[in-house]
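Asker: Right, I'll just put the structure down here and ask away after.
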Amino acid sequence: MKNNKLFIAIIITLLIGVVLGGYVHYNTSPEFIKTFSTNIKLLGTVFIRLIQMIIAPLVFSTLVVGIAKMGDMKMVGRVGGRAMGWFITASLTSLVIGAIVINIMKPGEGLNIEIDASSAQDLLKGQASLTLEHFITHMIPKSVFESFATNEILQIVVFSIFFGVAMAAYGKEGEMITKALDKISHIVLIMVGYVMWTAPLGVLGTISAAIATYGFGIFLLYVKYLIAFVIGILLLWAVLILVGYFILGKRVIDLLRHIKAPLLIAFSTTSSEAVFPKLVEELEKFGAQKKIISFTLPLGYSFNLDGSMMYMTFASLFIAQVYGIHMPIEKQILMLLVLMLTSKGVAGVPRASLIVVVATCSMFGIPPEGIALILPIDHFCDMARSMTNVLGNALSTVAVDKWEGHVAIEQTYTHDDDHHKA
């Protein structure tokens with residue numbers, strides 16, 4: 001019931017944000033638009049920062065407890081192997097879908113546009129950092145305290161895995177710490193409930209600022225690009241849900257019902273990270289084992305960003321089309337493999353997808369300044385890919401739970417449905 005109220009509140013504020021942003025864009029001066037966008041965006045900033053405040057302790061406590069409760073290191077290896085198998089397959093599928101759509105629809109061909117790269121300078125500066133050295137230093141923390149302070153999820157995951165394995169090896173003497181961390185994770189989830197009621201305000205601020213700044217005309221200007229991108233996202237959703245159906249059967253519909261609020265929040269705030277705590281809560285309500293959620297979901301946030309992966313090939317090849325650069329099939333396959341690797345090194349970095357696109361363009365002789373062309377609508381594309389990232393991670397977690405032979409989920413549904421009817 002609470003979830004439905006939150007969902008309705010978000011829908012209402014989303015519509016208010018669209019109307020308010022549109023009014024400001026078309027009826028006020030440029031100076032007022034800039035001031036309005038800067039100020040109202042603070043609502044979204046407050047929401048995101050509240051979420052960021054609790055992500056590090058939640059990831060650490062849930063992942064360590066999940067590994068420790070498994071106890072058997074063979075089970076840890078088996079679950080990790082199954083999760084990584086899903087992540088790699090899903091990532092390659094997402095990259096291929098992006099390449100297929102952009103090659104068939106060719107939205108970048110026939111455009112005669114003068115590109116001003118000044119708006120992309122920050123991203124262009126970041127291209128040199130995507131090296132093997134950057135990947136290793138980004139993945140392995142030199143200080144766990146620094147990782148916690150900067151919310152580097154991938155580094156926190158690496159430390160948590162080491163800590164959890166060591167605590168499981170410590171045996172019964174480590175159970176006291178396990179129980180303490182378990183209680184901490186429950187306390188943080190209570191905090192999540194409080195923070196989530198600020199989500200509608202965050203949605204209002206983010207959407208109002210975006211529409212006030214760009215207006216509705218941005219959709220008309222980039223209609224070919226957006227249509228092709230939406231088709232790609234819908235195809236990816238169809239594939240993910242179809243695979244989910246083969247694994248879960250009709251229960252995949254119940255999963256979508258459970259995660260509707262996280263999906264909408266990710267869509268509105270362009271942050272899949274912002275819904276991590278809420279997603280943990282909803283997957284537990286769905287009936288998945290907590291130890292599987294605690295282990296698989298944090299890994300997914302580092303290695304399983306399906307929407308972002310699809311966008312990387314899509315955007316890279318779009319820029320090549322804009323500049324009239326021919327990309328033969330063997331070169332595109334090589335690009336997919338490169339993206340598969342480089343994308344894992346920037347998890348948790350703001351605008352990570354665009355940074356990877358810039359680096360990839362440079363590597364394959366495509367002018368990286370072309371990123372400036374898609375910057376004005378990246379916010380709207382980010383809405384769809386963030387929502388897709390959430391769907392992919394929810395499905396992967398529940399799929400691994402099913403593969404581990406968990407059969408209690410249907411009983412959970414029956415109990416919950418009877419409870420709601422009562």
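Order determines the names: the first chain of the structure tokens is A, the second B, and so forth; residues in each chain are numbered 1 upward, and ligands are numbered 1 upward as they are shown.
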Using only C-alpha atoms, determine which residues lie at most 12 Å from His379 in chain A, disregarding the query and same-chain residues fewer than 6 positions distant; provide the list as a VMD selection string.

Answerer: chain A and resid 206 to 207 209 to 211 213 to 214 218 to 219 226 267 to 271 351 353 to 354 385 to 386

Asker: Write out, as a CSV table (one decimal), in the first residue's frame, the residues just selected, with N, CA and C atoms.

Answerer:
```
chain,number,residue,atom,x,y,z
A,206,THR,N,14.1,17.8,-10.6
A,206,THR,CA,14.9,17.3,-11.7
A,206,THR,C,14.2,17.5,-13.0
A,207,ILE,N,12.9,17.1,-13.1
A,207,ILE,CA,12.2,17.2,-14.4
A,207,ILE,C,11.9,18.7,-14.7
A,209,ALA,N,13.7,21.3,-14.0
A,209,ALA,CA,14.9,22.0,-14.4
A,209,ALA,C,15.2,21.6,-15.8
A,210,ALA,N,15.1,20.3,-16.2
A,210,ALA,CA,15.4,19.8,-17.5
A,210,ALA,C,14.5,20.4,-18.6
A,211,ILE,N,13.2,20.4,-18.3
A,211,ILE,CA,12.2,21.0,-19.3
A,211,ILE,C,12.4,22.5,-19.4
A,213,THR,N,15.1,24.2,-19.0
A,213,THR,CA,16.3,24.5,-19.7
A,213,THR,C,16.2,24.2,-21.2
A,214,TYR,N,15.7,23.0,-21.6
A,214,TYR,CA,15.7,22.6,-23.0
A,214,TYR,C,14.4,22.8,-23.7
A,218,ILE,N,13.4,20.2,-27.9
A,218,ILE,CA,14.6,19.4,-28.0
A,218,ILE,C,14.2,18.0,-28.5
A,219,PHE,N,12.9,17.6,-28.3
A,219,PHE,CA,12.5,16.3,-28.8
A,219,PHE,C,12.3,16.3,-30.3
A,226,LEU,N,16.2,10.1,-31.1
A,226,LEU,CA,15.4,9.6,-29.9
A,226,LEU,C,14.5,8.4,-30.3
A,267,PHE,N,14.0,6.6,-13.6
A,267,PHE,CA,13.6,7.3,-14.8
A,267,PHE,C,13.6,8.8,-14.6
A,268,SER,N,13.0,9.2,-13.5
A,268,SER,CA,12.8,10.6,-13.2
A,268,SER,C,14.1,11.3,-12.8
A,269,THR,N,15.0,10.6,-12.0
A,269,THR,CA,16.2,11.3,-11.5
A,269,THR,C,17.4,11.0,-12.3
A,270,THR,N,17.3,10.1,-13.3
A,270,THR,CA,18.4,9.7,-14.1
A,270,THR,C,19.5,9.0,-13.3
A,271,SER,N,19.1,8.3,-12.2
A,271,SER,CA,20.1,7.7,-11.4
A,271,SER,C,19.7,6.3,-10.9
A,351,ARG,N,28.2,10.4,-15.3
A,351,ARG,CA,28.2,10.5,-16.8
A,351,ARG,C,29.1,9.4,-17.4
A,353,SER,N,28.8,6.7,-19.0
A,353,SER,CA,28.5,6.3,-20.4
A,353,SER,C,29.1,7.2,-21.4
A,354,LEU,N,29.0,8.5,-21.2
A,354,LEU,CA,29.6,9.5,-22.1
A,354,LEU,C,31.1,9.5,-22.1
A,385,ARG,N,18.0,4.8,-19.9
A,385,ARG,CA,19.0,3.8,-19.6
A,385,ARG,C,19.2,3.6,-18.1
A,386,SER,N,18.9,4.6,-17.3
A,386,SER,CA,18.9,4.3,-15.8
A,386,SER,C,17.8,3.4,-15.4
```

Asker: Provide the CA of Ser302 in chain A to CA of Ala228 in chain A distance in Å, to one decimal place.

Answerer: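 CA of Ala228 in chain A lies at a distance of 26.6 Å from CA of Ser302 in chain A.
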
Asker: Residues near Leu283 in chain A, anyone? I mean within 9 Å using only C-alpha atoms, not counting same-chain ones fewer than 4 positions away, as number ranges by chain.

Answerer: A: 255, 258-259, 278-279, 287-290, 293, 394, 397-398

Asker: Please, which residues of range 8-192 of chain A, numbered as in this document, come out alpha helix (DSSP H) from DSSP, as a VMD selection string?

Answerer: chain A and resid 8 to 27 30 to 70 73 to 105 121 to 125 132 to 139 144 to 150 153 to 170 175 to 192

Asker: Of the candidates A:Ile265, A:Leu256, A:Val157, A:Ile104, which shows the shortest atom-to-atom distance to Gly232 in chain A, using only C-alpha atoms?

Answerer: A:Ile104

Asker: So, with only C-alpha atoms as the atoms that count, which of A:Val192, A:Val390, A:Ala99, A:Ser94 lies closest to Ala320 in chain A?

Answerer: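 When distances to Ala320 in chain A are compared using only C-alpha atoms, the smallest one comes from A:Ala99.
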
Asker: Measure the distance from CA of Ser308 in chain A to CA of Ile12 in chain A in Å and round it to one decimal.

Answerer: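 The value is 27.3 Å.
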
Asker: Which residues, written as a PDB file with N, CA, C and O atoms, in the first residue's frame, have at least one atom at most 7 Å from Val64 in chain A, with only C-alpha atoms counted and residues fewer than 6 positions away on the same chain left out?

Answerer:
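Contents of part-v1.pdb, as written:
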```
ATOM      1  N   SER A 160      34.349  -5.421   0.485  1.00  0.00           N
ATOM      2  CA  SER A 160      33.314  -6.190   1.185  1.00  0.00           C
ATOM      3  C   SER A 160      33.453  -7.683   0.913  1.00  0.00           C
ATOM      4  O   SER A 160      33.220  -8.512   1.805  1.00  0.00           O
ATOM      5  N   ILE A 161      33.806  -8.051  -0.325  1.00  0.00           N
ATOM      6  CA  ILE A 161      33.986  -9.470  -0.665  1.00  0.00           C
ATOM      7  C   ILE A 161      35.141 -10.058   0.151  1.00  0.00           C
ATOM      8  O   ILE A 161      35.014 -11.135   0.742  1.00  0.00           O
ATOM      9  N   PHE A 163      36.327  -8.928   2.977  1.00  0.00           N
ATOM     10  CA  PHE A 163      35.943  -8.911   4.388  1.00  0.00           C
ATOM     11  C   PHE A 163      34.963 -10.044   4.685  1.00  0.00           C
ATOM     12  O   PHE A 163      35.080 -10.743   5.702  1.00  0.00           O
ATOM     13  N   GLY A 164      33.974 -10.231   3.814  1.00  0.00           N
ATOM     14  CA  GLY A 164      32.969 -11.268   4.011  1.00  0.00           C
ATOM     15  C   GLY A 164      33.555 -12.663   3.966  1.00  0.00           C
ATOM     16  O   GLY A 164      33.209 -13.529   4.789  1.00  0.00           O
TER      17      GLY A 164
END
```

Asker: Counting only C-alpha atoms, which residue out of A:Asn389, A:Gln321, A:Thr93, A:Gln332 sits closest to Pro367 in chain A?

Answerer: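 With only C-alpha atoms as the atom set, the closest residue is A:Gln321.
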
Asker: Using only C-alpha atoms, which residues sit within 12 Å of Trp237 in chain A once same-chain residues fewer than 4 positions away are excluded, as an MDAnalysis selection string?

Answerer: chainID A and resid 90 93:94 97 230:233 241:245 256 306:307 310 384:385 387:392 395

Asker: Tell me, in Å to one decimal, how far CA of Ala56 in chain A is from CA of Lys74 in chain A.

Answerer: 26.6 Å
